[in-house]
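Student: Data: data33.txt, compact mmCIF, N, CA and C atoms.
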# COMPACT_ATOMS: atom_id res chain seq x y z
N MET N 1 0.85 -1.17 0.00
CA MET N 1 0.00 0.00 0.00
C MET N 1 0.90 1.24 0.00
N PRO N 2 0.70 2.14 -0.93
CA PRO N 2 1.53 3.35 -0.99
C PRO N 2 1.29 4.24 0.23
N GLN N 3 2.36 4.88 0.65
CA GLN N 3 2.26 5.76 1.81
C GLN N 3 2.15 7.20 1.33
N PRO N 4 1.36 7.99 2.03
CA PRO N 4 1.24 9.40 1.63
C PRO N 4 2.56 10.12 1.81
N ALA N 5 2.73 11.16 1.04
CA ALA N 5 3.95 11.95 1.14
C ALA N 5 4.06 12.54 2.55
N GLN N 6 5.25 12.47 3.09
CA GLN N 6 5.45 12.99 4.44
C GLN N 6 5.54 14.51 4.38
N THR N 7 4.95 15.12 5.38
CA THR N 7 5.05 16.58 5.48
C THR N 7 6.29 16.92 6.27
N ASN N 8 6.67 18.14 6.21
CA ASN N 8 7.83 18.59 6.97
C ASN N 8 7.40 18.80 8.42
N LEU N 9 7.61 17.80 9.26
CA LEU N 9 7.15 17.84 10.63
C LEU N 9 7.88 18.88 11.45
N LYS N 10 9.14 19.10 11.17
CA LYS N 10 9.91 20.07 11.94
C LYS N 10 9.32 21.48 11.77
N THR N 11 8.91 21.81 10.57
CA THR N 11 8.31 23.11 10.33
C THR N 11 7.00 23.25 11.07
N GLU N 12 6.19 22.18 11.05
CA GLU N 12 4.90 22.23 11.73
C GLU N 12 5.07 22.33 13.23
N ILE N 13 6.02 21.62 13.78
CA ILE N 13 6.25 21.64 15.22
C ILE N 13 6.78 23.00 15.64
N SER N 14 7.74 23.53 14.90
CA SER N 14 8.32 24.81 15.29
C SER N 14 7.31 25.95 15.17
N ALA N 15 6.34 25.81 14.28
CA ALA N 15 5.33 26.84 14.13
C ALA N 15 4.41 26.89 15.35
N GLU N 16 4.28 25.77 16.06
CA GLU N 16 3.41 25.72 17.22
C GLU N 16 4.12 26.08 18.52
N GLN N 17 5.44 26.10 18.52
CA GLN N 17 6.19 26.39 19.73
C GLN N 17 6.23 27.88 20.01
N PRO N 18 6.28 28.23 21.30
CA PRO N 18 6.43 29.66 21.63
C PRO N 18 7.81 30.16 21.22
N PRO N 19 7.99 31.46 21.19
CA PRO N 19 9.31 32.01 20.82
C PRO N 19 10.41 31.49 21.75
N LEU N 20 11.62 31.52 21.27
CA LEU N 20 12.76 31.01 22.02
C LEU N 20 12.90 31.69 23.38
N GLN N 21 12.67 32.99 23.43
CA GLN N 21 12.80 33.72 24.68
C GLN N 21 11.82 33.19 25.73
N VAL N 22 10.61 32.88 25.33
CA VAL N 22 9.60 32.36 26.25
C VAL N 22 9.99 30.95 26.70
N GLN N 23 10.49 30.15 25.79
CA GLN N 23 10.93 28.80 26.14
C GLN N 23 12.06 28.84 27.16
N ILE N 24 13.00 29.75 26.98
CA ILE N 24 14.14 29.86 27.89
C ILE N 24 13.69 30.34 29.26
N ARG N 25 12.87 31.36 29.29
CA ARG N 25 12.39 31.87 30.58
C ARG N 25 11.63 30.81 31.37
N SER N 26 10.77 30.07 30.70
CA SER N 26 10.01 29.03 31.41
C SER N 26 10.92 27.88 31.84
N ALA N 27 11.91 27.54 31.04
CA ALA N 27 12.84 26.47 31.41
C ALA N 27 13.71 26.88 32.60
N VAL N 28 14.11 28.15 32.65
CA VAL N 28 14.93 28.63 33.76
C VAL N 28 14.11 28.65 35.05
N GLU N 29 12.85 29.04 34.95
CA GLU N 29 11.99 29.11 36.13
C GLU N 29 11.59 27.73 36.63
N ASP N 30 11.48 26.77 35.75
CA ASP N 30 11.07 25.41 36.12
C ASP N 30 12.30 24.62 36.54
N ARG N 31 12.41 24.34 37.83
CA ARG N 31 13.59 23.66 38.37
C ARG N 31 13.66 22.19 37.96
N THR N 32 12.61 21.66 37.33
CA THR N 32 12.62 20.26 36.92
C THR N 32 13.04 20.07 35.47
N THR N 33 13.37 21.16 34.78
CA THR N 33 13.80 21.06 33.39
C THR N 33 15.11 20.28 33.31
N PRO N 34 15.16 19.21 32.52
CA PRO N 34 16.39 18.42 32.41
C PRO N 34 17.53 19.23 31.77
N ILE N 35 18.74 18.89 32.17
CA ILE N 35 19.93 19.59 31.65
C ILE N 35 20.02 19.45 30.13
N SER N 36 19.57 18.32 29.61
CA SER N 36 19.62 18.13 28.16
C SER N 36 18.75 19.17 27.44
N ARG N 37 17.61 19.48 28.01
CA ARG N 37 16.72 20.50 27.43
C ARG N 37 17.38 21.87 27.51
N LEU N 38 18.00 22.16 28.65
CA LEU N 38 18.67 23.45 28.81
C LEU N 38 19.81 23.60 27.82
N LEU N 39 20.54 22.53 27.58
CA LEU N 39 21.65 22.58 26.63
C LEU N 39 21.14 22.75 25.19
N ARG N 40 20.02 22.13 24.86
CA ARG N 40 19.43 22.34 23.52
C ARG N 40 18.99 23.79 23.35
N LEU N 41 18.43 24.35 24.41
CA LEU N 41 18.03 25.76 24.35
C LEU N 41 19.25 26.66 24.20
N MET N 42 20.34 26.33 24.88
CA MET N 42 21.57 27.12 24.76
C MET N 42 22.11 27.05 23.33
N SER N 43 22.04 25.88 22.74
CA SER N 43 22.49 25.72 21.37
C SER N 43 21.64 26.56 20.42
N ALA N 44 20.33 26.54 20.62
CA ALA N 44 19.44 27.35 19.78
C ALA N 44 19.70 28.84 20.00
N LEU N 45 19.98 29.22 21.24
CA LEU N 45 20.26 30.62 21.55
C LEU N 45 21.57 31.06 20.91
N ASP N 46 22.57 30.19 20.93
CA ASP N 46 23.85 30.51 20.30
C ASP N 46 23.72 30.66 18.79
N ALA N 47 22.80 29.94 18.20
CA ALA N 47 22.59 30.00 16.76
C ALA N 47 21.82 31.26 16.35
N ASP N 48 21.14 31.89 17.30
CA ASP N 48 20.35 33.08 17.02
C ASP N 48 21.22 34.32 17.15
N ALA N 49 21.49 34.98 16.04
CA ALA N 49 22.37 36.15 16.04
C ALA N 49 21.75 37.34 16.76
N THR N 50 20.44 37.37 16.87
CA THR N 50 19.77 38.50 17.51
C THR N 50 19.42 38.20 18.96
N ALA N 51 20.03 37.19 19.54
CA ALA N 51 19.70 36.74 20.89
C ALA N 51 20.05 37.80 21.94
N ASN N 52 19.22 37.84 22.96
CA ASN N 52 19.40 38.75 24.08
C ASN N 52 20.49 38.20 25.00
N GLN N 53 21.48 39.00 25.33
CA GLN N 53 22.58 38.56 26.20
C GLN N 53 22.10 38.22 27.61
N ASN N 54 21.06 38.91 28.08
CA ASN N 54 20.53 38.60 29.41
C ASN N 54 19.98 37.18 29.46
N LEU N 55 19.31 36.75 28.40
CA LEU N 55 18.81 35.38 28.34
C LEU N 55 19.96 34.39 28.37
N ARG N 56 21.01 34.71 27.66
CA ARG N 56 22.19 33.85 27.64
C ARG N 56 22.78 33.69 29.04
N HIS N 57 22.88 34.80 29.77
CA HIS N 57 23.43 34.76 31.13
C HIS N 57 22.50 33.98 32.08
N MET N 58 21.19 34.20 31.94
CA MET N 58 20.24 33.47 32.79
C MET N 58 20.34 31.97 32.55
N LEU N 59 20.42 31.58 31.30
CA LEU N 59 20.48 30.17 30.95
C LEU N 59 21.79 29.54 31.42
N ARG N 60 22.89 30.25 31.23
CA ARG N 60 24.18 29.73 31.71
C ARG N 60 24.18 29.57 33.22
N ALA N 61 23.60 30.52 33.93
CA ALA N 61 23.54 30.42 35.39
C ALA N 61 22.68 29.23 35.81
N ARG N 62 21.59 29.02 35.11
CA ARG N 62 20.69 27.90 35.45
C ARG N 62 21.37 26.56 35.16
N ILE N 63 22.12 26.48 34.08
CA ILE N 63 22.82 25.24 33.75
C ILE N 63 23.87 24.93 34.82
N GLY N 64 24.52 25.95 35.32
CA GLY N 64 25.57 25.75 36.32
C GLY N 64 25.07 25.70 37.75
N ALA N 65 23.79 25.95 37.98
CA ALA N 65 23.26 25.98 39.35
C ALA N 65 23.17 24.57 39.92
N PRO N 66 23.46 24.43 41.21
CA PRO N 66 23.29 23.12 41.85
C PRO N 66 21.83 22.70 41.87
N LEU N 67 21.58 21.40 41.89
CA LEU N 67 20.21 20.90 41.89
C LEU N 67 19.46 21.27 43.16
N SER N 68 20.15 21.47 44.26
CA SER N 68 19.47 21.75 45.52
C SER N 68 19.00 23.20 45.65
N VAL N 69 19.37 24.06 44.71
CA VAL N 69 19.00 25.48 44.78
C VAL N 69 17.55 25.63 44.43
Just give me the structure as structure tokens.
Tutor:
Amino acid sequence: MPQPAQTNLKTEISAEQPPLQVQIRSAVEDRTTPISRLLRLMSALDADATANQNLRHMLRARIGAPLSV
């Protein structure tokens, strides 16, 4: 049975996600966010040439913060 043409799922998913700044702020505030998610956000932030330096500092501080904080 032929399969339908696949759509570009990455485009559809990214269209539904909030802006990067909102994702970073919520991840920093949520102490249960896994380090892997924080690192992916840092990578996305580094790729964004128009990124806010304050967001970068907040994210770096959160990545380096102890779990008990």
Student: Excluding Val28 (chain N) and residues on its chain fewer than 5 positions from it, collect all residues at most 12 Å away from it, counting only C-alpha atoms, and give them as JSON, numbers by chain.
Tutor: {"N": [21, 22, 23, 33, 34, 35, 37, 38, 39, 41, 42, 55, 56, 57, 58, 59, 60, 61, 62, 63, 64, 65]}
Student: Please compute the atom C of Asp46 (chain N)-atom C of Ile24 (chain N) distance, one decimal, in Å.
Tutor: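 Value for the atom C of Asp46 (chain N)-atom C of Ile24 (chain N) distance: 14.5 Å.
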Student: What is the CA of Thr32 (chain N)-CA of Pro18 (chain N) distance in Å, reported with one decimal?
Tutor: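 Interatomic distance, CA of Thr32 (chain N) to CA of Pro18 (chain N): 19.0 Å.
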Student: Go ahead and compute the interatomic distance for CA of Arg31 (chain N) and CA of Thr50 (chain N), in Å to one decimal.
Tutor: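 Distance between the two atoms: 26.3 Å.
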